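A.B. asks: Data file coords.txt (compact mmCIF, C-alpha atoms and all ligand atoms) is appended below.
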# COMPACT_ATOMS: atom_id res chain seq x y z
CA MET O 1 -9.91 -13.02 -28.56
CA THR O 2 -6.81 -12.34 -30.63
CA ILE O 3 -3.59 -14.27 -30.11
CA ALA O 4 -0.19 -12.93 -31.17
CA ILE O 5 2.12 -15.68 -32.37
CA GLY O 6 5.83 -15.64 -33.18
CA CYS O 7 8.79 -17.98 -33.49
CA ASP O 8 12.34 -18.43 -34.69
CA HIS O 9 13.59 -20.65 -37.52
CA ALA O 10 13.43 -23.78 -35.32
CA ALA O 11 9.65 -23.55 -34.95
CA THR O 12 8.05 -22.25 -38.16
CA GLY O 13 6.34 -25.60 -38.80
CA LEU O 14 4.80 -25.68 -35.35
CA LYS O 15 3.76 -22.03 -35.69
CA GLU O 16 1.86 -22.76 -38.90
CA GLU O 17 0.18 -25.77 -37.31
CA LEU O 18 -0.92 -23.82 -34.22
CA LYS O 19 -2.05 -20.86 -36.30
CA GLU O 20 -4.32 -23.10 -38.32
CA TYR O 21 -5.51 -24.85 -35.14
CA MET O 22 -6.46 -21.61 -33.40
CA THR O 23 -8.04 -20.08 -36.51
CA ALA O 24 -10.22 -23.19 -36.89
CA GLN O 25 -11.47 -22.55 -33.35
CA GLY O 26 -12.56 -19.03 -34.30
CA LEU O 27 -9.69 -17.25 -32.57
CA GLY O 28 -8.07 -14.25 -34.19
CA VAL O 29 -4.36 -14.80 -34.83
CA GLN O 30 -1.71 -12.18 -35.64
CA ASP O 31 1.51 -13.68 -36.96
CA PHE O 32 4.69 -11.76 -36.15
CA GLY O 33 7.05 -14.18 -37.92
CA THR O 34 9.53 -15.55 -38.64
CA TYR O 35 8.23 -17.14 -41.80
CA GLY O 36 10.86 -19.39 -43.35
CA ALA O 37 13.80 -21.61 -42.60
CA ALA O 38 16.36 -18.77 -42.68
CA LYS O 39 18.02 -18.19 -39.32
CA ALA O 40 16.02 -15.68 -37.30
CA ASP O 41 16.94 -14.43 -33.84
CA TYR O 42 14.29 -15.38 -31.29
CA PRO O 43 14.54 -12.13 -29.25
CA VAL O 44 13.13 -10.21 -32.24
CA SER O 45 9.94 -12.29 -32.42
CA ALA O 46 9.72 -12.27 -28.64
CA LEU O 47 9.77 -8.47 -28.58
CA LYS O 48 7.17 -8.15 -31.36
CA VAL O 49 4.72 -10.50 -29.68
CA ALA O 50 5.35 -9.04 -26.22
CA ALA O 51 4.71 -5.52 -27.53
CA ALA O 52 1.45 -6.67 -29.16
CA VAL O 53 0.28 -8.08 -25.83
CA THR O 54 1.34 -5.22 -23.56
CA GLY O 55 0.13 -2.65 -26.12
CA GLY O 56 -3.32 -4.26 -26.22
CA ALA O 57 -3.34 -5.17 -29.93
CA CYS O 58 -3.59 -8.83 -28.89
CA ASP O 59 -5.02 -10.45 -25.77
CA LEU O 60 -2.43 -13.18 -25.28
CA GLY O 61 0.70 -14.45 -27.02
CA VAL O 62 2.28 -17.72 -28.12
CA LEU O 63 6.03 -17.90 -28.73
CA LEU O 64 7.93 -20.87 -30.13
CA CYS O 65 11.60 -21.65 -30.57
CA GLY O 66 13.70 -24.81 -30.38
CA THR O 67 13.33 -25.26 -26.64
CA GLY O 68 10.93 -22.45 -25.74
CA VAL O 69 13.57 -21.28 -23.28
CA GLY O 70 15.38 -18.46 -25.06
CA ILE O 71 12.19 -16.90 -26.38
CA SER O 72 10.56 -16.97 -22.93
CA ILE O 73 13.59 -15.37 -21.29
CA ALA O 74 13.54 -12.63 -23.94
CA ALA O 75 9.78 -12.01 -23.63
CA ASN O 76 10.04 -11.76 -19.85
CA LYS O 77 12.37 -8.76 -20.23
CA VAL O 78 9.38 -6.74 -21.45
CA LYS O 79 7.50 -4.93 -18.66
CA GLY O 80 4.13 -6.51 -18.03
CA ILE O 81 4.94 -9.83 -19.65
CA ARG O 82 4.59 -13.07 -17.71
CA ALA O 83 5.83 -15.65 -20.20
CA VAL O 84 5.92 -19.34 -19.32
CA CYS O 85 7.80 -22.13 -21.01
CA CYS O 86 5.70 -25.31 -20.79
CA SER O 87 6.16 -28.87 -21.99
CA GLU O 88 3.02 -30.30 -20.41
CA PRO O 89 -0.57 -29.11 -19.90
CA PHE O 90 -0.69 -28.98 -16.09
CA SER O 91 1.88 -26.21 -15.72
CA ALA O 92 0.30 -24.33 -18.63
CA LYS O 93 -3.13 -24.38 -16.95
CA LEU O 94 -1.79 -23.39 -13.53
CA SER O 95 0.31 -20.63 -15.07
CA ARG O 96 -2.93 -18.95 -16.13
CA GLN O 97 -4.85 -19.68 -12.94
CA HIS O 98 -2.14 -18.71 -10.44
CA ASN O 99 0.42 -16.60 -12.29
CA ASN O 100 -1.77 -14.83 -14.85
CA SER O 101 0.66 -15.78 -17.60
CA ASN O 102 0.08 -13.80 -20.77
CA ILE O 103 2.48 -15.55 -23.15
CA LEU O 104 2.81 -19.31 -23.60
CA CYS O 105 6.18 -20.53 -24.90
CA MET O 106 6.92 -24.01 -26.20
CA GLY O 107 9.86 -25.75 -27.78
CA ALA O 108 9.32 -27.26 -31.22
CA ARG O 109 12.27 -29.58 -30.56
CA VAL O 110 10.76 -30.63 -27.24
CA VAL O 111 7.04 -31.17 -27.73
CA GLY O 112 5.25 -32.92 -30.59
CA ARG O 113 2.49 -31.12 -32.46
CA GLU O 114 -0.39 -32.90 -30.73
CA LEU O 115 1.09 -32.31 -27.29
CA ALA O 116 1.62 -28.66 -28.20
CA LYS O 117 -2.09 -28.38 -29.08
CA MET O 118 -3.08 -30.02 -25.80
CA ILE O 119 -0.86 -27.61 -23.84
CA LEU O 120 -2.32 -24.68 -25.78
CA ASP O 121 -5.90 -25.85 -25.17
CA GLU O 122 -5.40 -26.04 -21.41
CA TRP O 123 -3.69 -22.66 -21.32
CA LEU O 124 -6.40 -20.92 -23.35
CA ALA O 125 -9.25 -22.51 -21.41
CA ALA O 126 -7.93 -21.45 -18.00
CA SER O 127 -8.32 -18.03 -16.44
CA PHE O 128 -6.67 -16.12 -13.62
CA GLU O 129 -8.16 -16.89 -10.20
CA GLY O 130 -7.11 -13.63 -8.53
CA GLY O 131 -7.31 -13.52 -4.72
CA ARG O 132 -4.09 -14.56 -3.03
CA HIS O 133 -2.57 -15.14 -6.44
CA ALA O 134 -3.19 -11.50 -7.38
CA GLU O 135 -1.19 -10.41 -4.35
CA ARG O 136 1.77 -12.50 -5.52
CA VAL O 137 1.52 -11.25 -9.09
CA ALA O 138 1.49 -7.71 -7.66
CA MET O 139 4.74 -8.59 -5.87
CA ILE O 140 6.24 -9.65 -9.21
CA ASP O 141 5.13 -6.29 -10.62
CA ALA O 142 6.84 -4.58 -7.68
CA ILE O 143 10.11 -6.37 -8.44
CA GLU O 144 9.75 -5.29 -12.06
CA ALA O 145 9.26 -1.70 -10.89
CA GLY O 146 12.51 -1.87 -8.90
CA LYS O 147 10.87 -2.01 -5.49
CA SER O 148 12.32 -4.15 -2.73
CA LEU O 149 10.20 -6.92 -1.21
CA ILE O 150 12.69 -7.73 1.51
C1 LIG X 1 18.13 -21.98 -32.23
O1 LIG X 1 19.05 -22.87 -32.73
C2 LIG X 1 17.84 -22.25 -30.77
O2 LIG X 1 18.90 -21.83 -29.99
C3 LIG X 1 16.56 -21.58 -30.35
O3 LIG X 1 15.51 -22.02 -31.15
C4 LIG X 1 16.11 -21.83 -28.93
O4 LIG X 1 16.09 -23.18 -28.63
C5 LIG X 1 16.77 -21.02 -27.90
O5 LIG X 1 16.41 -21.05 -26.71
Can I see the file as structure tokens?
C.D. replies:
Amino acid sequence: MTIAIGCDHAATGLKEELKEYMTAQGLGVQDFGTYGAAKADYPVSALKVAAAVTGGACDLGVLLCGTGVGISIAANKVKGIRAVCCSEPFSAKLSRQHNNSNILCMGARVVGRELAKMILDEWLAASFEGGRHAERVAMIDAIEAGKSLI
């Protein structure tokens, strides 16, 4: 399993920590930046990671910014991306099981490093349950394709 990871300037420390954490677990990690403290616009990293996931180069993605909010909004503009912004493990787990989320977003100014790892663990360990949830995800796809549900 290969995870694409990206961030803006607010989250480079957390990105390095999570990269190391995932690598130590034997996961492949592709880092799409940013790499330093210089201001970096979060939509750029969001697009790079989203493209790696939808293009198949990576299986899942992790995006980090100050709050996790801006980078998740940006990633969700890419067709096929279901990005979730989580600050606790329960929503992260359910987002995989019910919503088939493919990018996890977190805020480096919101969650501490150990909580971020716990959220990541739950998210990675969970898998999509399909069934009635697949029907709802298909409805999301229909909205994305410009179809009307109503
Ligand atoms: C950058 O200052 C900040 O706006 C960004 O990291 C993020 O929190 C946006 O949603």
A.B. asks: Can you work out which residues are within 10 Å of ligand LIG 1 (chain X), considering all atoms listed in the file, and then hand them over as an MDAnalysis selection string?
C.D. replies: chainID O and resid 7:11 39:43 64:74 106:110
A.B. asks: Skip Gly55 in chain O itself and residues of its chain fewer than 5 positions away, then list as a compact mmCIF listing (two decimals) with C-alpha atoms, in the frame of the given file all residues within 12 Å of it, counting all atoms listed in the file.
C.D. replies:
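Saved the output as part20.txt:
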# COMPACT_ATOMS: atom_id res chain seq x y z
CA ALA O 4 -0.19 -12.93 -31.17
CA LEU O 47 9.77 -8.47 -28.58
CA LYS O 48 7.17 -8.15 -31.36
CA VAL O 49 4.72 -10.50 -29.68
CA ALA O 50 5.35 -9.04 -26.22
CA LEU O 60 -2.43 -13.18 -25.28
CA GLY O 61 0.70 -14.45 -27.02
CA VAL O 78 9.38 -6.74 -21.45
CA LYS O 79 7.50 -4.93 -18.66
CA GLY O 80 4.13 -6.51 -18.03
CA ILE O 81 4.94 -9.83 -19.65
A.B. asks: Which is closer to Ala138 in chain O than all the others in O:Leu18, O:Cys105, O:Val29, O:Asn99, using only C-alpha atoms?
C.D. replies: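 Between O:Leu18, O:Cys105, O:Val29, O:Asn99, the residue approaching Ala138 in chain O most closely is O:Asn99.
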A.B. asks: Out of O:Ile3, O:Cys85, O:Asp141, O:Gly130, which residue has the shortest atom-to-atom distance to Thr23 in chain O when counting all atoms listed in the file?
C.D. replies: O:Ile3
A.B. asks: For a quick check of understanding, using all atoms listed in the file, which of O:Gly28, O:Leu63, O:Tyr35, O:Val53 has the smallest distance to Ile5 in chain O?
C.D. replies: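 Distance minimum relative to Ile5 in chain O lands on O:Leu63.
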A.B. asks: Any idea what the distance is between CA of Ser148 in chain O and CA of Ser95 in chain O?
C.D. replies: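 Separation of CA of Ser148 in chain O and CA of Ser95 in chain O: 23.8 Å.
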A.B. asks: Nearest residue to Ser91 in chain O out of O:Leu120, O:Met22, O:Leu149, O:Ala52, using all atoms listed in the file?
C.D. replies: O:Leu120
A.B. asks: I need the residue nearest Thr34 in chain O from this list: O:Gly13, O:Gly6, O:Gly56, O:Gly131. Use only C-alpha atoms for the distance.
C.D. replies: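 That would be O:Gly6, the residue with the smallest distance to Thr34 in chain O.
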A.B. asks: Measuring between all atoms listed in the file, which one of O:Gly33, O:Thr54, O:Ser45, O:Ser87 shows the shortest distance to Glu114 in chain O?
C.D. replies: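 The closest residue to Glu114 in chain O is O:Ser87.
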A.B. asks: Using Å and a single decimal, report how far CA of Glu135 in chain O sits from CA of Asp121 in chain O.
C.D. replies: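 According to the coordinates, CA of Asp121 in chain O and CA of Glu135 in chain O are separated by 26.3 Å.
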A.B. asks: CA of Glu17 in chain O and CA of Cys86 in chain O, how far apart in Å?
C.D. replies: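 So the answer is 17.4 Å.
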A.B. asks: What's around Leu94 in chain O at 9 Å? Count all atoms listed in the file, leave out sequence neighbours fewer than 3 positions away in its own chain, and write the answer as a PyMOL selection string.
C.D. replies: chain O and resi 89-91+97-101+123+126-128
